[in-house]
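Quick look at target.cif (mmCIF, C-alpha atoms):
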```cif
data_structure
loop_
_atom_site.label_atom_id
_atom_site.label_comp_id
_atom_site.auth_asym_id
_atom_site.auth_seq_id
_atom_site.Cartn_x
_atom_site.Cartn_y
_atom_site.Cartn_z
CA MET A 258 35.49 -16.95 -14.93
CA ASN A 259 37.49 -14.80 -12.51
CA SER A 260 35.68 -12.98 -9.75
CA ILE A 261 35.84 -9.50 -11.28
CA ALA A 262 34.40 -10.69 -14.58
CA MET A 263 31.81 -12.61 -12.62
CA SER A 264 30.67 -9.60 -10.59
CA ASN A 265 30.63 -7.46 -13.73
CA LYS A 266 28.38 -9.99 -15.40
CA ILE A 267 26.09 -10.16 -12.33
CA THR A 268 25.84 -6.38 -12.27
CA ARG A 269 25.08 -6.08 -16.00
CA ASP A 270 22.54 -8.90 -15.88
CA GLY A 271 20.72 -7.54 -12.85
CA LEU A 272 20.57 -3.91 -13.88
CA TRP A 273 20.04 -4.28 -17.59
CA ARG A 274 20.46 -7.42 -19.67
CA ASN A 275 18.30 -9.70 -17.55
CA ASN A 276 16.31 -7.02 -15.73
CA VAL A 277 13.58 -8.59 -13.57
CA ALA A 278 10.84 -6.26 -14.75
CA LEU A 279 11.87 -5.39 -18.31
CA VAL A 280 13.27 -8.70 -19.56
CA GLN A 281 12.16 -11.50 -17.26
CA LEU A 282 8.79 -9.77 -16.77
CA LEU A 283 8.50 -11.14 -13.23
CA GLY A 284 6.79 -9.53 -10.27
CA LEU A 285 4.34 -7.70 -12.49
CA CYS A 286 1.45 -7.76 -10.01
CA PRO A 287 3.06 -5.41 -7.47
CA LEU A 288 4.87 -3.56 -10.25
CA LEU A 289 1.66 -2.60 -12.00
CA ALA A 290 -0.41 -2.11 -8.86
CA VAL A 291 1.65 0.24 -6.71
CA THR A 292 3.39 2.45 -9.24
CA SER A 293 0.80 5.23 -9.26
CA THR A 294 3.39 7.53 -7.66
CA ALA A 295 7.18 7.55 -7.57
CA ILE A 296 7.32 7.24 -3.78
CA ASN A 297 5.04 4.18 -3.74
CA GLY A 298 7.26 2.58 -6.37
CA ILE A 299 10.42 3.34 -4.41
CA GLY A 300 8.85 2.04 -1.19
CA LEU A 301 7.93 -1.33 -2.65
CA GLY A 302 11.18 -1.46 -4.64
CA LEU A 303 13.26 -1.03 -1.48
CA ALA A 304 11.28 -3.71 0.37
CA THR A 305 11.76 -6.11 -2.55
CA LEU A 306 15.47 -5.25 -2.79
CA ILE A 307 16.05 -6.00 0.91
CA THR A 308 14.11 -9.26 0.58
CA LEU A 309 16.16 -10.32 -2.45
CA VAL A 310 19.53 -9.64 -0.82
CA LEU A 311 18.58 -11.45 2.40
CA SER A 312 16.91 -14.42 0.71
CA ASN A 313 19.77 -14.91 -1.78
CA THR A 314 22.34 -14.74 1.02
CA LEU A 315 20.50 -17.20 3.26
CA VAL A 316 19.73 -19.62 0.45
CA SER A 317 23.36 -19.58 -0.63
CA LEU A 318 24.48 -20.19 2.97
CA ILE A 319 22.45 -23.37 3.26
CA ARG A 320 23.00 -24.57 -0.31
CA GLY A 321 25.56 -27.18 0.76
CA PHE A 322 23.35 -29.19 3.04
CA VAL A 323 19.76 -28.51 2.02
CA ARG A 324 18.24 -31.78 0.74
CA ASN A 325 17.13 -31.63 -2.83
CA GLU A 326 13.55 -32.85 -2.35
CA VAL A 327 12.66 -30.22 0.26
CA ARG A 328 14.71 -27.39 -1.23
CA LEU A 329 11.79 -25.39 -2.65
CA PRO A 330 9.64 -25.44 0.52
CA VAL A 331 12.71 -24.39 2.51
CA PHE A 332 13.31 -21.47 0.13
CA VAL A 333 9.68 -20.42 0.41
CA LEU A 334 9.91 -20.61 4.20
CA ILE A 335 12.98 -18.40 4.23
CA ILE A 336 11.40 -15.84 1.89
CA ALA A 337 8.10 -15.80 3.78
CA SER A 338 9.89 -15.28 7.11
CA ILE A 339 11.94 -12.40 5.74
CA VAL A 340 8.91 -10.69 4.22
CA THR A 341 6.85 -11.07 7.39
CA ILE A 342 9.66 -9.54 9.42
CA ILE A 343 9.97 -6.64 6.97
CA GLU A 344 6.21 -6.09 7.14
CA LEU A 345 6.28 -5.98 10.95
CA LEU A 346 9.22 -3.57 10.95
CA MET A 347 7.43 -1.32 8.45
CA ARG A 348 4.31 -1.28 10.59
CA ALA A 349 6.46 -0.31 13.54
CA TYR A 350 8.69 2.31 11.93
CA LEU A 351 7.12 3.41 8.61
CA TYR A 352 3.46 3.08 9.50
CA ASP A 353 2.14 5.72 7.11
CA LEU A 354 3.91 4.14 4.16
CA TYR A 355 2.61 0.77 5.31
CA LEU A 356 -0.94 2.16 5.16
CA VAL A 357 -0.37 3.06 1.50
CA LEU A 358 1.47 -0.08 0.35
CA GLY A 359 -0.65 -2.28 2.65
CA ILE A 360 -1.44 -5.57 1.01
CA PHE A 361 1.43 -5.44 -1.46
CA ILE A 362 4.09 -6.07 1.16
CA PRO A 363 2.94 -9.64 2.00
CA LEU A 364 2.57 -10.17 -1.75
CA ILE A 365 6.35 -9.83 -2.13
CA VAL A 366 6.40 -13.51 -1.09
CA THR A 367 4.66 -14.39 -4.33
CA ASN A 368 7.03 -12.33 -6.47
CA CYS A 369 8.43 -15.04 -8.73
CA ALA A 370 11.64 -13.07 -9.16
CA ILE A 371 12.67 -13.85 -5.59
CA ILE A 372 12.15 -17.62 -5.64
CA GLY A 373 13.54 -17.55 -9.18
CA ARG A 374 16.85 -16.02 -8.04
CA ALA A 375 16.98 -18.35 -5.03
CA GLU A 376 16.56 -21.45 -7.17
CA GLY A 377 18.31 -20.26 -10.31
CA PHE A 378 21.30 -18.48 -8.84
CA ALA A 379 21.78 -18.52 -5.07
CA SER A 380 21.42 -22.30 -4.72
CA LYS A 381 24.41 -22.79 -7.05
CA ASN A 382 26.72 -19.87 -6.24
CA SER A 383 28.84 -18.51 -3.41
CA VAL A 384 27.41 -16.27 -0.69
CA GLY A 385 29.15 -13.16 -1.97
CA ALA A 386 28.04 -13.64 -5.56
CA SER A 387 24.49 -14.43 -4.44
CA ALA A 388 24.24 -11.35 -2.26
CA LEU A 389 25.53 -9.23 -5.14
CA ASP A 390 23.08 -10.89 -7.52
CA GLY A 391 20.20 -10.16 -5.11
CA PHE A 392 21.33 -6.56 -4.77
CA MET A 393 21.67 -5.99 -8.52
CA MET A 394 18.43 -7.76 -9.46
CA GLY A 395 16.66 -5.82 -6.70
CA THR A 396 18.18 -2.54 -7.83
CA GLY A 397 17.11 -3.23 -11.41
CA PHE A 398 13.58 -3.88 -10.20
CA LEU A 399 13.59 -0.80 -7.92
CA PHE A 400 14.82 1.33 -10.80
CA VAL A 401 11.92 0.25 -13.04
CA LEU A 402 9.35 0.68 -10.23
CA ALA A 403 10.62 4.19 -9.49
CA LEU A 404 10.76 5.18 -13.16
CA LEU A 405 7.29 3.84 -13.93
CA GLY A 406 5.92 5.49 -10.79
CA ALA A 407 7.53 8.80 -11.74
CA MET A 408 6.18 8.62 -15.31
CA ARG A 409 2.64 7.87 -14.14
CA GLU A 410 2.76 10.51 -11.42
CA ILE A 411 4.01 13.24 -13.74
CA ILE A 412 1.48 12.44 -16.45
CA GLY A 413 -1.40 11.57 -14.12
CA PHE A 414 -1.08 14.18 -11.36
CA GLY A 415 1.46 16.68 -12.71
CA THR A 416 3.65 16.20 -9.62
CA LEU A 417 6.76 14.26 -8.65
CA PHE A 418 7.75 12.81 -5.26
CA SER A 419 4.47 13.77 -3.60
CA HIS A 420 3.96 12.20 -0.15
CA ALA A 421 7.72 11.76 0.23
CA ASP A 422 7.11 12.39 3.95
CA LEU A 423 5.54 8.92 4.18
CA MET A 424 9.00 7.46 3.73
CA PHE A 425 11.49 10.09 4.79
CA GLY A 426 9.63 11.92 7.57
CA GLU A 427 8.21 15.44 7.87
CA ALA A 428 11.30 17.15 6.45
CA ALA A 429 10.68 15.47 3.09
CA LYS A 430 7.41 17.32 2.49
CA SER A 431 9.36 19.85 0.48
CA PHE A 432 10.62 17.15 -1.93
CA THR A 433 7.40 17.41 -3.89
CA ILE A 434 7.80 19.01 -7.30
CA VAL A 435 4.62 20.52 -8.74
CA PHE A 436 4.95 21.13 -12.46
CA ASN A 437 1.69 22.96 -12.96
CA ASP A 438 -0.68 24.08 -10.21
CA ASN A 439 -3.73 23.89 -12.42
CA TYR A 440 -2.90 20.55 -14.02
CA PRO A 441 -6.24 18.85 -14.67
CA GLY A 442 -4.78 15.37 -14.25
CA PHE A 443 -4.75 12.57 -16.76
CA LEU A 444 -6.80 9.74 -15.34
CA LEU A 445 -5.64 7.01 -17.70
CA ALA A 446 -2.08 7.21 -16.41
CA ILE A 447 -3.18 6.58 -12.82
CA LEU A 448 -5.62 3.79 -13.58
CA PRO A 449 -4.36 0.21 -14.15
CA PRO A 450 -4.22 0.53 -17.98
CA GLY A 451 -1.73 3.37 -17.51
CA ALA A 452 0.59 0.93 -15.77
CA PHE A 453 0.48 -1.46 -18.71
CA PHE A 454 1.07 1.33 -21.23
CA GLY A 455 3.89 2.75 -19.14
CA LEU A 456 5.63 -0.61 -18.75
CA ALA A 457 5.21 -1.27 -22.47
CA MET A 458 6.86 2.08 -23.25
CA LEU A 459 9.79 1.25 -20.97
CA ILE A 460 10.27 -2.16 -22.63
CA VAL A 461 10.09 -0.56 -26.08
CA GLY A 462 12.64 2.02 -24.97
CA LYS A 463 15.01 -0.64 -23.66
CA ASN A 464 14.75 -2.77 -26.79
CA LEU A 465 15.30 0.23 -29.08
CA PHE A 466 18.36 1.21 -27.08
CA ASP A 467 19.75 -2.33 -27.20
CA GLU A 468 19.20 -2.53 -30.94
CA ARG A 469 21.01 0.73 -31.53
CA LEU A 470 23.91 -0.50 -29.38
CA LYS A 471 24.05 -3.70 -31.38
CA LYS A 472 24.12 -1.80 -34.67
CA LYS A 473 26.90 0.40 -33.41
CA ALA A 474 28.84 -2.64 -32.27
CA ALA A 475 28.30 -4.27 -35.64
CA VAL A 476 29.65 -1.22 -37.41
CA ILE A 477 32.74 -1.20 -35.22
CA ASP A 478 33.22 -4.94 -35.71
CA GLY A 479 32.88 -4.43 -39.44
CA LEU A 480 35.50 -1.65 -39.61
CA PRO A 481 38.65 -3.71 -40.18
CA ASP A 482 37.05 -5.37 -43.18
CA ILE A 483 36.22 -2.06 -44.75
CA VAL A 484 39.64 -0.65 -44.07
CA MET B 239 13.61 -43.12 -1.47
CA SER B 240 14.02 -45.00 1.80
CA SER B 241 11.89 -44.10 4.78
CA ARG B 242 15.08 -43.01 6.53
CA GLN B 243 15.70 -40.36 3.87
CA ILE B 244 12.10 -39.21 4.02
CA LEU B 245 12.46 -38.82 7.75
CA ILE B 246 15.65 -36.78 7.41
CA SER B 247 14.09 -34.49 4.78
CA GLY B 248 11.01 -34.01 6.93
CA LEU B 249 13.14 -33.22 9.96
CA PHE B 250 15.18 -30.76 7.93
CA LEU B 251 12.06 -28.92 6.78
CA CYS B 252 10.76 -28.97 10.33
CA ILE B 253 13.95 -27.38 11.69
CA PHE B 254 13.68 -24.58 9.13
CA ALA B 255 10.04 -23.99 9.99
CA VAL B 256 11.03 -23.65 13.66
CA ILE B 257 13.89 -21.25 12.89
CA GLY B 258 11.76 -19.09 10.56
CA THR B 259 8.87 -18.95 12.99
CA THR B 260 11.20 -18.09 15.85
CA PHE B 261 12.58 -15.08 14.01
CA VAL B 262 9.09 -13.89 13.08
CA ALA B 263 7.88 -14.40 16.67
CA VAL B 264 10.79 -12.45 18.15
CA THR B 265 10.21 -9.56 15.71
CA GLU B 266 6.47 -9.59 16.39
CA ASP B 267 7.09 -9.47 20.11
CA SER B 268 9.54 -6.59 19.91
CA THR B 269 7.40 -4.49 17.53
CA ARG B 270 3.99 -5.19 19.05
CA GLU B 271 3.91 -2.15 21.34
CA LYS B 272 5.23 0.17 18.67
CA ILE B 273 2.60 -1.05 16.16
CA ALA B 274 -0.23 -0.65 18.67
CA GLU B 275 1.03 2.86 19.39
CA ASN B 276 1.06 3.67 15.66
CA GLU B 277 -2.47 2.37 15.19
CA ARG B 278 -3.64 4.44 18.15
CA ARG B 279 -1.87 7.53 16.81
CA VAL B 280 -3.60 7.21 13.42
CA LEU B 281 -6.95 6.56 15.11
CA LEU B 282 -6.58 9.67 17.26
CA ARG B 283 -5.51 11.70 14.25
CA ASN B 284 -8.71 10.66 12.48
CA LEU B 285 -10.90 11.31 15.52
CA TYR B 286 -9.37 14.69 16.30
CA ALA B 287 -9.88 15.73 12.68
CA LEU B 288 -13.62 15.56 13.43
CA LEU B 289 -13.57 16.91 16.96
CA PRO B 290 -11.00 19.51 18.00
CA PRO B 291 -9.14 18.20 21.08
CA ALA B 292 -10.23 21.33 22.99
CA LYS B 293 -13.84 20.16 22.94
CA LEU B 294 -13.25 17.03 24.98
CA ASP B 295 -11.14 15.92 27.92
CA ASN B 296 -11.69 12.16 28.07
CA ASP B 297 -9.65 9.44 26.41
CA ILE B 298 -11.85 9.08 23.33
CA ALA B 299 -9.91 6.16 21.90
CA THR B 300 -10.79 3.96 24.90
CA ASP B 301 -14.18 5.40 25.88
CA THR B 302 -15.97 3.23 23.37
CA LEU B 303 -19.21 1.37 23.03
CA THR B 304 -19.70 -1.70 20.87
CA VAL B 305 -22.98 -1.54 18.97
CA PRO B 306 -24.51 -4.53 17.19
CA ALA B 307 -24.62 -4.76 13.39
CA SER B 308 -27.14 -2.32 11.95
CA VAL B 309 -28.65 -1.67 8.56
CA LEU B 310 -28.52 2.08 9.17
CA LEU B 311 -24.78 1.99 9.92
CA GLY B 312 -24.20 -0.37 6.99
CA THR B 313 -22.40 -2.78 9.32
CA GLU B 314 -22.59 -6.54 9.24
CA SER B 315 -20.70 -7.10 12.46
CA PRO B 316 -20.59 -5.19 15.76
CA SER B 317 -18.81 -1.85 15.42
CA LEU B 318 -17.23 0.68 17.76
CA VAL B 319 -18.67 4.06 18.71
CA TYR B 320 -16.20 6.56 20.18
CA ARG B 321 -17.59 8.87 22.87
CA ALA B 322 -16.33 12.36 23.56
CA ARG B 323 -17.02 13.96 26.95
CA LEU B 324 -16.07 17.21 28.63
CA GLN B 325 -15.90 17.06 32.43
CA GLY B 326 -18.01 13.92 32.31
CA GLU B 327 -20.77 15.52 30.22
CA PRO B 328 -21.53 14.00 26.79
CA VAL B 329 -20.26 16.08 23.88
CA ALA B 330 -20.31 13.98 20.72
CA LEU B 331 -20.21 10.47 19.30
CA ILE B 332 -18.12 9.22 16.42
CA PHE B 333 -19.55 6.30 14.46
CA ASN B 334 -17.85 3.82 12.16
CA SER B 335 -20.33 3.58 9.32
CA ILE B 336 -20.09 2.03 5.90
CA ALA B 337 -21.56 3.24 2.62
CA LEU B 338 -22.46 0.00 0.86
CA ASN B 339 -23.46 1.27 -2.57
CA GLY B 340 -20.28 3.05 -3.67
CA TYR B 341 -18.96 2.75 -7.21
CA SER B 342 -16.39 0.11 -6.29
CA GLY B 343 -17.00 -1.56 -2.97
CA ARG B 344 -17.55 -0.24 0.50
CA ILE B 345 -16.67 3.25 1.64
CA HIS B 346 -15.67 3.27 5.30
CA LEU B 347 -16.61 6.49 7.08
CA LEU B 348 -16.13 8.14 10.45
CA VAL B 349 -19.21 10.21 11.24
CA GLY B 350 -19.10 12.59 14.20
CA ILE B 351 -22.41 13.72 15.69
CA TYR B 352 -22.81 16.32 18.48
CA LEU B 353 -25.24 15.78 21.33
CA ASP B 354 -27.84 18.00 19.62
CA GLY B 355 -27.88 15.83 16.49
CA SER B 356 -25.80 18.12 14.27
CA LEU B 357 -22.76 16.79 12.44
CA ALA B 358 -19.28 17.43 13.78
CA GLY B 359 -18.02 16.19 10.45
CA VAL B 360 -17.46 13.21 8.21
CA ARG B 361 -14.20 11.63 7.03
CA VAL B 362 -13.47 8.76 4.68
CA VAL B 363 -11.25 6.15 6.29
CA LYS B 364 -11.01 3.60 3.49
CA HIS B 365 -12.37 3.40 -0.04
CA ALA B 366 -11.60 2.05 -3.50
CA GLU B 367 -13.37 4.68 -5.62
CA THR B 368 -11.90 5.73 -8.96
CA PRO B 369 -8.81 7.92 -8.57
CA GLY B 370 -9.39 11.37 -10.05
CA LEU B 371 -13.19 11.01 -10.05
CA GLY B 372 -14.75 9.38 -7.00
CA ASP B 373 -11.82 10.06 -4.71
CA ALA B 374 -12.86 13.70 -4.29
CA ILE B 375 -14.47 12.43 -1.07
CA GLU B 376 -10.97 12.53 0.46
CA THR B 377 -10.01 15.77 2.21
CA GLN B 378 -6.64 15.75 0.40
CA LYS B 379 -8.42 15.87 -2.95
CA SER B 380 -11.30 18.28 -2.35
CA ASP B 381 -13.31 20.07 0.35
CA TRP B 382 -16.52 18.32 -0.64
CA ILE B 383 -16.86 16.28 2.53
CA LEU B 384 -16.56 19.39 4.72
CA ASP B 385 -19.99 20.41 3.41
CA PHE B 386 -21.48 18.01 5.97
CA ASP B 387 -20.16 20.05 8.92
CA LYS B 388 -22.92 21.44 11.17
CA ARG B 389 -25.75 19.95 9.10
CA SER B 390 -28.49 17.98 10.82
CA LEU B 391 -31.69 16.12 9.99
CA ALA B 392 -33.82 18.56 11.98
CA GLY B 393 -32.36 21.62 10.28
CA SER B 394 -33.01 20.43 6.72
CA ARG B 395 -36.10 20.32 4.56
CA PRO B 396 -37.47 16.87 3.68
CA GLY B 397 -35.59 15.46 0.70
CA ALA B 398 -32.57 17.68 1.33
CA TRP B 399 -30.34 14.72 2.16
CA LYS B 400 -29.61 13.83 -1.45
CA VAL B 401 -27.23 14.98 -4.14
CA LYS B 402 -28.45 17.88 -6.29
CA ARG B 403 -29.22 15.66 -9.23
CA ASP B 404 -31.72 13.79 -7.04
CA GLY B 405 -33.26 17.03 -5.76
CA GLY B 406 -31.11 17.38 -2.63
CA VAL B 407 -28.59 19.98 -1.46
CA PHE B 408 -25.27 18.16 -1.87
CA ASP B 409 -23.01 18.64 -4.88
CA GLN B 410 -22.18 15.68 -7.06
CA PHE B 411 -18.80 15.47 -8.82
CA THR B 412 -18.33 15.87 -12.52
CA GLY B 413 -18.37 12.36 -13.90
CA ALA B 414 -19.11 10.69 -10.58
CA THR B 415 -22.55 10.81 -8.99
CA ILE B 416 -22.64 7.34 -7.49
CA THR B 417 -19.89 7.97 -4.95
CA PRO B 418 -21.32 11.17 -3.36
CA ARG B 419 -24.81 9.67 -3.49
CA ALA B 420 -23.61 6.69 -1.47
CA VAL B 421 -21.80 8.86 1.07
CA VAL B 422 -24.78 11.22 1.56
CA GLU B 423 -27.07 8.23 2.04
CA ALA B 424 -24.73 6.65 4.59
CA VAL B 425 -24.36 9.87 6.59
CA LYS B 426 -28.11 10.40 6.61
CA ASN B 427 -28.65 6.84 7.84
CA THR B 428 -26.07 7.33 10.58
CA LEU B 429 -27.97 10.44 11.73
CA LEU B 430 -31.18 8.39 11.76
CA TYR B 431 -29.43 5.72 13.78
CA TYR B 432 -28.34 8.36 16.28
CA GLN B 433 -31.87 9.73 16.51
CA GLN B 434 -33.28 6.30 17.27
CA ASN B 435 -30.63 5.26 19.77
CA ALA B 436 -29.38 8.55 21.23
CA LYS B 437 -30.48 7.79 24.79
CA THR B 438 -28.54 4.58 25.20
CA LEU B 439 -25.34 5.49 23.40
CA TYR B 440 -23.67 7.63 26.07
CA GLU B 441 -24.38 5.22 28.92
#
```
Now, as a test, write the supplied structure out as structure tokens.
Amino acid sequence: MNSIAMSNKITRDGLWRNNVALVQLLGLCPLLAVTSTAINGIGLGLATLITLVLSNTLVSLIRGFVRNEVRLPVFVLIIASIVTIIELLMRAYLYDLYLVLGIFIPLIVTNCAIIGRAEGFASKNSVGASALDGFMMGTGFLFVLALLGAMREIIGFGTLFSHADLMFGEAAKSFTIVFNDNYPGFLLAILPPGAFFGLAMLIVGKNLFDERLKKKAAVIDGLPDIV
Amino acid sequence: MSSRQILISGLFLCIFAVIGTTFVAVTEDSTREKIAENERRVLLRNLYALLPPAKLDNDIATDTLTVPASVLLGTESPSLVYRARLQGEPVALIFNSIALNGYSGRIHLLVGIYLDGSLAGVRVVKHAETPGLGDAIETQKSDWILDFDKRSLAGSRPGAWKVKRDGGVFDQFTGATITPRAVVEAVKNTLLYYQQNAKTLYE
């Protein structure tokens, strides 16, 4: 496979075909727990994205000389170090967001998607491809977290991007969109079941879309025969 | 696998542990001050929400007293009391108390009490109550908790320190009585604790 085809495939797999959250269904614990608002989702998504890029790059760098029998503990060590460093940096520079996401940051270590990409991709591919794979897988995950957070926030609170100042500073207070001042709120969307329903809807949506694409492709494939 | 290979693998893992730990240690060292500063900033923000900065002139975050675990404060380990003073004279105390019988777990409170035994105010620091129902104890969600301001044990009739459903003066929330009941109880107990220990707390 040439490098352009390869990076196209990595991009498609990460963002859509093999999406961490919608297809592999990995990392569900943080996904379901923090997505009560869009900003929380984006915050955890970004932290996971950074972790994935760094861990994939480092794992790929050492793939040539890491001994097979200790490879998994070494990967875990790398991931745990990265996540701890990210947590410390967040506490130093994004403290208010850290207060909200709190325990879910250390839990990134246990996100199977990260060790999965390290073992399944980065340990067998070049540094560039691995970094791209980490970025695309992370972006796919971030995209689902943000979307699910936005859905639950709109339905549950009637707002979007509330508390944006936690991540982007005071100036971001105006990012908040209030759809209806007297919105009574819809509790189910904010509570844990809402996360399951929301994720289920997103998976249904993706599968429906894929099916339609496939049908269209089948029709096009079938054309020459008809003509 | 020969013992030589085992040794090499072990050494390899060891080297990675050292490298990883080094990076974490360096980051920890360079962010420590900044993190402590952040924690102090948030603490002061919480304390000043109860007591306007104009009412005190001491460094309230460091003028603290450690009090032993107490049933009235709901604490199981020693906790900190912050002391506000103006020109050396006692003004108010802020207690860390815990409401134990919330709907889901403990509700951590800051309770500010003036020298005369009236409340400077109450704020929720940490809780896990149901979003949309029990979380009306947060100031961002409703003004309910401001109802405590200026109240005292001496200024209330017996039995007043309950939610309305139990014959008291405090509102409950629609669909959530347990949460406000727990908070009212905890605040009342903190006031009792202050009454019993007032003399020693400013020393």
*asked:* Residue by residue, what does the PyMOL selection byres ((chain B) within 9 of (chain A)) grab here? Present the result as a PyMOL selection string.
replied: chain B and resi 246-248+250-251+254-255+258-259+261-263+265-266+269-277+280+368-371
*Take the PyMOL selection byres ((chain A and resi 377) around 12), apply it to the structure above, and return the hits as an NGL selection string.*
:A and (313 or 316-317 or 320 or 329 or 332 or 369-376 or 378-382 or 387 or 390-391)
*Could you spell out the hits of the PyMOL selection byres ((chain B and resi 353-358) around 10) on the shown file, as a ChimeraX atom specification?*
/B:287-290,322,327-332,349-352,359-360,384,386-393,425,429-430,432-433,436,440
Write the residues you've just listed into a file as a short mmCIF file (atom, residue, chain, number, x, y, z; two decimals), in the coordinates of the input, and include C-alpha atoms for each of them.
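Just written: selection_30.cif:
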```cif
data_model
loop_
_atom_site.label_atom_id
_atom_site.label_comp_id
_atom_site.auth_asym_id
_atom_site.auth_seq_id
_atom_site.Cartn_x
_atom_site.Cartn_y
_atom_site.Cartn_z
CA ALA B 287 -9.88 15.73 12.68
CA LEU B 288 -13.62 15.56 13.43
CA LEU B 289 -13.57 16.91 16.96
CA PRO B 290 -11.00 19.51 18.00
CA ALA B 322 -16.33 12.36 23.56
CA GLU B 327 -20.77 15.52 30.22
CA PRO B 328 -21.53 14.00 26.79
CA VAL B 329 -20.26 16.08 23.88
CA ALA B 330 -20.31 13.98 20.72
CA LEU B 331 -20.21 10.47 19.30
CA ILE B 332 -18.12 9.22 16.42
CA VAL B 349 -19.21 10.21 11.24
CA GLY B 350 -19.10 12.59 14.20
CA ILE B 351 -22.41 13.72 15.69
CA TYR B 352 -22.81 16.32 18.48
CA GLY B 359 -18.02 16.19 10.45
CA VAL B 360 -17.46 13.21 8.21
CA LEU B 384 -16.56 19.39 4.72
CA PHE B 386 -21.48 18.01 5.97
CA ASP B 387 -20.16 20.05 8.92
CA LYS B 388 -22.92 21.44 11.17
CA ARG B 389 -25.75 19.95 9.10
CA SER B 390 -28.49 17.98 10.82
CA LEU B 391 -31.69 16.12 9.99
CA ALA B 392 -33.82 18.56 11.98
CA GLY B 393 -32.36 21.62 10.28
CA VAL B 425 -24.36 9.87 6.59
CA LEU B 429 -27.97 10.44 11.73
CA LEU B 430 -31.18 8.39 11.76
CA TYR B 432 -28.34 8.36 16.28
CA GLN B 433 -31.87 9.73 16.51
CA ALA B 436 -29.38 8.55 21.23
CA TYR B 440 -23.67 7.63 26.07
#
```
*Please, which residues are within 10 Å of (5.3, 11.1, 1.4) by the file's coordinates, counting only C-alpha atoms, and could they come as an MDAnalysis selection string?*
chainID A and resid 294:297 353:354 357 418:433
*atom CA of A:Gly415 to atom CA of A:Val291: how many Å, to one decimal?*
17.5 Å
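The two atoms in question, atom CA of A:Ala388 and atom CA of B:Thr260, are spaced 23.3 Å apart.
Nearest residue to A:Gly271, choosing from A:Met393, A:Ile412, A:Ile477, A:Leu364 and counting only C-alpha atoms: A:Met393.
Using all atoms listed in the file, the protein and nucleic acid residues lying at most 12 Å from the point (23.2, -6.1, -15.5) are Met263, Ser264, Asn265, Lys266, Ile267, Thr268, Arg269, Asp270, Gly271, Leu272, Trp273, Arg274, Asn275, Asn276, Val277, Leu279, Val280, Leu389, Asp390, Gly391, Phe392, Met393, Met394, Gly395, Thr396, Gly397 and Phe398 of chain A.
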*To one decimal in Å, tell me the separation between atom CA of A:Leu402 and atom CA of A:Gly298.*
4.8 Å
Determine, counting only C-alpha atoms, which protein, DNA and RNA residues have an atom within 7 Å of an atom of B:Ser317; residues of the same chain fewer than 6 positions away are not included. Present the result as a PDB file with C-alpha atoms, keeping the file's coordinate frame.
```pdb
ATOM      1  CA  THR B 304     -19.700  -1.700  20.870  1.00  0.00           C
ATOM      2  CA  VAL B 305     -22.980  -1.540  18.970  1.00  0.00           C
ATOM      3  CA  PRO B 306     -24.510  -4.530  17.190  1.00  0.00           C
ATOM      4  CA  ALA B 307     -24.620  -4.760  13.390  1.00  0.00           C
ATOM      5  CA  ASN B 334     -17.850   3.820  12.160  1.00  0.00           C
TER       6      ASN B 334
END
```
*Top pick for closest residue to B:Thr428, considering B:Ser315, B:Ser342, B:Gln325, B:Ser335 and counting all atoms listed in the file*: B:Ser335
*Spatial neighbours of B:Ile298, max dist 9 Å, only C-alpha atoms, sep filter under 5 positions, as a VMD selection string*: chain B and resid 282 285 320 to 323
*Could you check which of A:Val310, A:Leu289, A:Val366, A:Leu315 is closest to A:Leu405, using all atoms listed in the file?*
A:Leu289
Would you mind putting N, CA and C atoms back on stretch 341-348 of chain A and writing the result as a short mmCIF file (atom, residue, chain, number, x, y, z; two decimals), in the coordinates of the input?
```cif
data_model
loop_
_atom_site.label_atom_id
_atom_site.label_comp_id
_atom_site.auth_asym_id
_atom_site.auth_seq_id
_atom_site.Cartn_x
_atom_site.Cartn_y
_atom_site.Cartn_z
N THR A 341 7.68 -11.35 6.21
CA THR A 341 6.85 -11.07 7.39
C THR A 341 7.58 -10.15 8.35
N ILE A 342 8.88 -10.39 8.52
CA ILE A 342 9.66 -9.54 9.42
C ILE A 342 9.72 -8.12 8.89
N ILE A 343 9.94 -7.98 7.57
CA ILE A 343 9.97 -6.64 6.97
C ILE A 343 8.63 -5.94 7.16
N GLU A 344 7.54 -6.69 6.98
CA GLU A 344 6.21 -6.09 7.14
C GLU A 344 6.02 -5.58 8.57
N LEU A 345 6.42 -6.40 9.55
CA LEU A 345 6.28 -5.98 10.95
C LEU A 345 7.12 -4.74 11.23
N LEU A 346 8.35 -4.72 10.71
CA LEU A 346 9.22 -3.57 10.95
C LEU A 346 8.63 -2.32 10.31
N MET A 347 8.04 -2.49 9.11
CA MET A 347 7.43 -1.32 8.45
C MET A 347 6.26 -0.80 9.26
N ARG A 348 5.45 -1.73 9.78
CA ARG A 348 4.31 -1.28 10.59
C ARG A 348 4.77 -0.57 11.84
#
```
